[in-house]
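All remarks here apply to the structure that follows.
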Amino acid sequence: MNKLGLYIHIPFCRQKCRYCAFYSSRPRPQDISRYVKAVVRQLDSYDEDLQDYHIDTVYFGGGTPSLLSEGDMAQLMDAIRRYPLSEHAEITCECNPDSATENKLLSYASLGINRISIGMQSGQQDELRALGRLHTHEKTAACVAACKQAGIENISLDLLLSIPHQTPDSLMDSLQKAVDLHPAHLSVYGLKIEEKTPFFLDPPPMPDEDTEWEAYQNTFAFLESMGYNQYEISNAAKPGFESRHNNKYWKRDETLGLGPAAHSFFKGRRFYQEADTAAFMQGNKNIVQEPPLTARDILEETVMLGLRLKEGVDVTPLSPSPQTISFLEQLEKEAYCTYHKGVLSLTRKGFFLSNTIITSLLNLI
Ligand code: SF4
């Protein structure tokens with residue numbers, strides 16, 4: 001049977017963070033329970049297709065999935081369990097420290113959720129405030145403790161680089177605070193100013209590229225010294241705790257997304273649900289099919305996604321031309337990659353410049 005990753009988007013947040021371009025809005029009373037019913041309807045609409053699959057990862061992302069009450073989450077998990085769900089499935093829920101209460105986490109754990117990804121972002125109050133986050137570091141620490149109390153040890157923390165007011169010292173302090181909470185996994189992303197966000201209209205001062213590189217390099221060198229392996233551009237984990245669900249995206253495995261703005265790669269096609277929560281709750285399908293993938297699309301996806309991973313990509317099937325090989329050898333000489341027995345993998349320095357490197361490489365093949 002084929003394996004499948006199920007993604008469920010929860011498009012609600014208490015308040016919009018100043019940098020956030022994810023699809024979410026503040027829910028009105030009753031929105032969440034109506035929304036949960038719409039997700040169950042959408043899942044059931046795939047009833048026949050799902051019989052060919054074994055769901056081995058589930059990911060509740062957002063938005064803020066931890067706004068779901070115990071009862072709402074139970075409805076979703078009951079619906080998912082009507083389909084073939086692997087006994088050892090990785091079931092992740094993104095949580096915000098301000099809404100993931102002890103009782104909720106206990107209940108989520110009893111429903112089978114076994115991985116929690118917490119939006120810590122920073123350990124500094126002034127930085128959290130500048131981002132428009134509602135929580136404090138004490139809340140993050142309490143959330144981690146509540147997960148452990150509920151028996152969930154597979155905890156991931158999200159952190160941000162290039163936050164307004166962040167200095168090399170405050171970054172190291174945040175990283176130390178994060179590591180002191182003993183998460184199994186950390187995701188560290190560079191802040192980007194995205195269109196249609198408050199930061200886009202009123203941009204904060206941003207560091208130059210050298211400062212960004214220093215922060216990126218120091219972050220992952222520190223995490224490595226603490227026993228976390230950087231297995232992807234922005235992710236590091238203790239051995240065996242790499243995100244199984246996100247690995248599906250990087251390896252082009254099949255995933256089915258439910259809810260507005262959720263993307264799918266299912267039965268050879270890419271498609272997504274239009275970002276319109278009201279229409280979704282009314283039962284409008286609004287699925288947008290991407291054009292069928294050509295051989296070239298598949299090649300580009302394989303290279304672009306595979307090079308995000310430290311293990312890299314086998315480029316032998318691309319039959320690299322002498323020009324491509326000399327480009328790769330030059331990159332290797334400058335320590336941007338390793339290229340060995342046809343497998344190309346980026347170094348940390350290469351990860352930092354991955355967009356430029358991948359674009360140049362794709363122009364050559
Ligand atoms: S909580 Fe997360 S999804 Fe919601 S606005 Fe903030 S960053 Fe965006």
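All residue names refer to the structure tokens as shown: chains lettered A, B, ... in order, residues numbered from 1 in each chain, ligands numbered from 1 in order.
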
Quick one: residues within 7 Å of Val58 in chain A, only C-alpha atoms, excluding same-chain residues fewer than 4 positions away - as an mmCIF file with N, CA, C and O atoms, in the first residue's frame?
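Full text of result.cif as output:
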data_model
loop_
_atom_site.group_PDB
_atom_site.id
_atom_site.type_symbol
_atom_site.label_atom_id
_atom_site.label_comp_id
_atom_site.auth_asym_id
_atom_site.auth_seq_id
_atom_site.Cartn_x
_atom_site.Cartn_y
_atom_site.Cartn_z
ATOM 1 N N GLY A 5 1.049 11.333 3.492
ATOM 2 C CA GLY A 5 1.091 12.333 4.566
ATOM 3 C C GLY A 5 -0.166 13.192 4.457
ATOM 4 O O GLY A 5 -0.505 13.661 3.372
ATOM 5 N N LEU A 6 -0.846 13.381 5.566
ATOM 6 C CA LEU A 6 -2.075 14.181 5.558
ATOM 7 C C LEU A 6 -1.774 15.517 6.243
ATOM 8 O O LEU A 6 -1.273 15.535 7.375
ATOM 9 N N TYR A 7 -2.082 16.617 5.555
ATOM 10 C CA TYR A 7 -1.886 17.953 6.144
ATOM 11 C C TYR A 7 -3.258 18.596 6.355
ATOM 12 O O TYR A 7 -4.099 18.605 5.451
ATOM 13 N N GLU A 90 3.443 9.420 12.599
ATOM 14 C CA GLU A 90 3.886 10.655 13.266
ATOM 15 C C GLU A 90 2.721 11.634 13.153
ATOM 16 O O GLU A 90 2.283 11.951 12.040
ATOM 17 N N ILE A 91 2.209 12.102 14.275
ATOM 18 C CA ILE A 91 1.053 13.020 14.250
ATOM 19 C C ILE A 91 1.458 14.308 14.962
ATOM 20 O O ILE A 91 1.614 14.345 16.188
ATOM 21 N N THR A 92 1.656 15.347 14.156
ATOM 22 C CA THR A 92 2.193 16.616 14.664
ATOM 23 C C THR A 92 1.094 17.658 14.786
ATOM 24 O O THR A 92 0.228 17.754 13.909
#

Give me, as a Markdown table, the closest atom pair and its distance (Å, one decimal) for every residue of chain A within a cut-off of 6 Å of ligand 1, counting only C-alpha atoms and all ligand atoms, rows sorted by chain and rising number.
| residue | atom | partner | partner_atom_place_in_ligand_line | distance |
| --- | --- | --- | --- | --- |
| A:Cys13 | CA | ligand 1 | 4 (Fe) | 4.7 |
| A:Lys16 | CA | ligand 1 | 5 (S) | 3.8 |
| A:Cys17 | CA | ligand 1 | 6 (Fe) | 4.2 |
| A:Cys20 | CA | ligand 1 | 8 (Fe) | 4.4 |
| A:Phe22 | CA | ligand 1 | 8 (Fe) | 5.5 |
| A:Gly62 | CA | ligand 1 | 3 (S) | 5.3 |
| A:Gly63 | CA | ligand 1 | 3 (S) | 3.7 |
| A:Thr64 | CA | ligand 1 | 4 (Fe) | 5.6 |

Open item on the list: So, with only C-alpha atoms as the atoms that count, which of A:Asn355, A:Pro291, A:Val179, A:Asn363 lies closest to Ser321 in chain A?
Closed with: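 The answer is A:Asn363, which sits nearest to Ser321 in chain A.
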
**Q.** Who sits within 8 Å of Cys93 in chain A, only C-alpha atoms, same chain under 2 positions skipped, as number ranges by chain
**A.** A: 59-61, 65-66, 91, 95, 113, 115-117

C-alpha atoms of the current selection, written as a compact mmCIF listing (two decimals), in the first residue's frame:
# COMPACT_ATOMS: atom_id res chain seq x y z
CA TYR A 59 0.31 17.39 10.37
CA PHE A 60 -2.02 20.02 11.84
CA GLY A 61 -0.54 23.32 10.65
CA PRO A 65 -4.11 24.53 15.46
CA SER A 66 -3.87 24.83 19.25
CA ILE A 91 1.05 13.02 14.25
CA CYS A 95 1.00 24.96 18.99
CA ILE A 113 -0.90 13.37 18.77
CA ARG A 115 4.70 15.45 18.12
CA ILE A 116 4.27 19.12 19.03
CA SER A 117 5.85 21.99 17.12

Could you produce a table of the residues of range 107-205 of chain A lying within 12 Å of range 209-219 of chain A, with the nearest pair of atoms per residue and their separation in Å rounded to one decimal, using only C-alpha atoms, ordered by chain and increasing residue number, as a tab-separated table?
residue	atom	partner	partner_atom	distance
A:Leu159	CA	A:Thr219	CA	10.3
A:Leu160	CA	A:Tyr216	CA	10.1
A:Leu161	CA	A:Ala215	CA	7.1
A:Ser162	CA	A:Glu212	CA	6.9
A:Ile163	CA	A:Glu212	CA	10.6
A:Gln166	CA	A:Ala215	CA	10.0
A:Thr167	CA	A:Ala215	CA	9.0
A:Pro168	CA	A:Ala215	CA	6.9
A:Asp169	CA	A:Ala215	CA	10.2
A:Ser170	CA	A:Ala215	CA	10.8
A:Leu171	CA	A:Ala215	CA	7.8
A:Met172	CA	A:Thr219	CA	7.5
A:Asp173	CA	A:Thr219	CA	10.8
A:Ser174	CA	A:Thr219	CA	10.1
A:Leu175	CA	A:Thr219	CA	7.4
A:Gln176	CA	A:Thr219	CA	10.2
A:Ala178	CA	A:Thr219	CA	11.6
A:Val179	CA	A:Thr219	CA	11.5
A:Leu186	CA	A:Thr219	CA	10.7
A:Ser187	CA	A:Thr219	CA	10.7
A:Val188	CA	A:Thr219	CA	8.3
A:Tyr189	CA	A:Tyr216	CA	8.8
A:Gly190	CA	A:Glu212	CA	8.0
A:Leu191	CA	A:Glu212	CA	9.9
A:Lys192	CA	A:Glu212	CA	11.4

Quiz item: So which residues touch Ile233 in chain A within 8 Å, counting only C-alpha atoms, skipping near sequence neighbours fewer than 6 positions away, as a list in words?
Solution: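 My list of contacting residues is Arg308, Leu309, Lys310, Arg348, Phe351 and Phe352 of chain A.
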
Checklist entry - For Lys248 in chain A, which residue out of A:Asp202, A:Asp56, A:Glu48, A:Asp31 is the nearest one, using only C-alpha atoms? => result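 The shortest atom-to-atom distance to Lys248 in chain A comes from A:Asp56.
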
The residue from A:Pro320, A:Gly350, A:Gly259, A:Gly123 with the smallest atom-to-atom distance to Tyr35 in chain A, counting only C-alpha atoms, is A:Gly259

Report as a PyMOL selection string all protein, DNA and RNA residues lying within 9 Å of Ser69 in chain A, evaluated on only C-alpha atoms, omitting residues in the same chain fewer than 5 positions from it. chain A and resi 32-33+74+104

Mind giving me the straight-line distance from CA of Glu300 in chain A to CA of Gln330 in chain A in Å, one decimal?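 Those two atoms sit 21.2 Å apart.
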
- Query: What are the DSSP strand (DSSP E or B) residues of range 106-293 of chain A, as a PyMOL selection string?
  - Reply: chain A and resi 115-121+154-161+185-190+229-232+235-237+255-258+263-266+269-273+287-289

From CA of Phe220 in chain A to CA of Pro239 in chain A the spacing works out at 15.2 Å

What separates CA of Pro322 in chain A and CA of Glu232 in chain A is a distance of 28.3 Å

**Q.** Among the residues A:Lys341, A:Lys3, A:Arg81, A:His165, the one that comes closest to Phe266 in chain A [using only C-alpha atoms]
**A.**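 Between A:Lys341, A:Lys3, A:Arg81, A:His165, the residue approaching Phe266 in chain A most closely is A:Lys3.
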
Tell me, as a list in words, which residues lie within 8 Å of range 195-199 of chain A, counting only C-alpha atoms; anything in the same chain fewer than 6 positions away does not count.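 The residues satisfying every condition are Arg18, Tyr19, Cys20 and Ala21 of chain A.
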
Those residues you just picked out, can you put them in a file as a JSON list (two decimals), in the first residue's frame with N, CA, C and O atoms?
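Wrote result.json, looks like this:
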[["chain", "number", "residue", "atom", "x", "y", "z"],
["A", 18, "ARG", "N", 3.23, 40.42, 12.99],
["A", 18, "ARG", "CA", 3.56, 41.49, 12.07],
["A", 18, "ARG", "C", 4.29, 41.03, 10.81],
["A", 18, "ARG", "O", 4.35, 41.74, 9.82],
["A", 19, "TYR", "N", 4.85, 39.83, 10.87],
["A", 19, "TYR", "CA", 5.65, 39.34, 9.74],
["A", 19, "TYR", "C", 4.94, 38.26, 8.94],
["A", 19, "TYR", "O", 5.48, 37.78, 7.95],
["A", 20, "CYS", "N", 3.74, 37.88, 9.35],
["A", 20, "CYS", "CA", 3.17, 36.61, 8.88],
["A", 20, "CYS", "C", 2.39, 36.74, 7.58],
["A", 20, "CYS", "O", 1.47, 37.54, 7.47],
["A", 21, "ALA", "N", 2.75, 35.87, 6.62],
["A", 21, "ALA", "CA", 2.03, 35.83, 5.35],
["A", 21, "ALA", "C", 1.24, 34.54, 5.19],
["A", 21, "ALA", "O", 0.69, 34.27, 4.13]]

Problem set entry | Spatial neighbours of Pro317 in chain A, 12 Å, only C-alpha atoms, chain gap at least 5 places, as a list in words |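 Result of the neighbour search: Leu299, Thr302, Val303, Gly342, Val343 and Ile365 of chain A.
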
- [ ] Using DSSP on the backbone, list every residue of range 88-295 of chain A that comes out as helix (DSSP H, G or I), and give them as JSON, numbers by chain.
- [x] {"A": [102, 103, 104, 105, 106, 107, 108, 109, 110, 125, 126, 127, 128, 129, 130, 131, 137, 138, 139, 140, 141, 142, 143, 144, 145, 146, 147, 148, 149, 168, 169, 170, 171, 172, 173, 174, 175, 176, 177, 178, 179, 180, 198, 199, 200, 201, 209, 210, 211, 212, 213, 214, 215, 216, 217, 218, 219, 220, 221, 222, 223, 224, 225, 244, 245, 246, 247, 248, 249, 250, 277, 278, 279, 280, 281, 295]}

Given only C-alpha atoms as the basis, pick out the residue of A:Gly257, A:Pro207, A:Ala237, A:Ala150 nearest to Pro183 in chain A.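 Closest to Pro183 in chain A, using only C-alpha atoms: A:Ala237.
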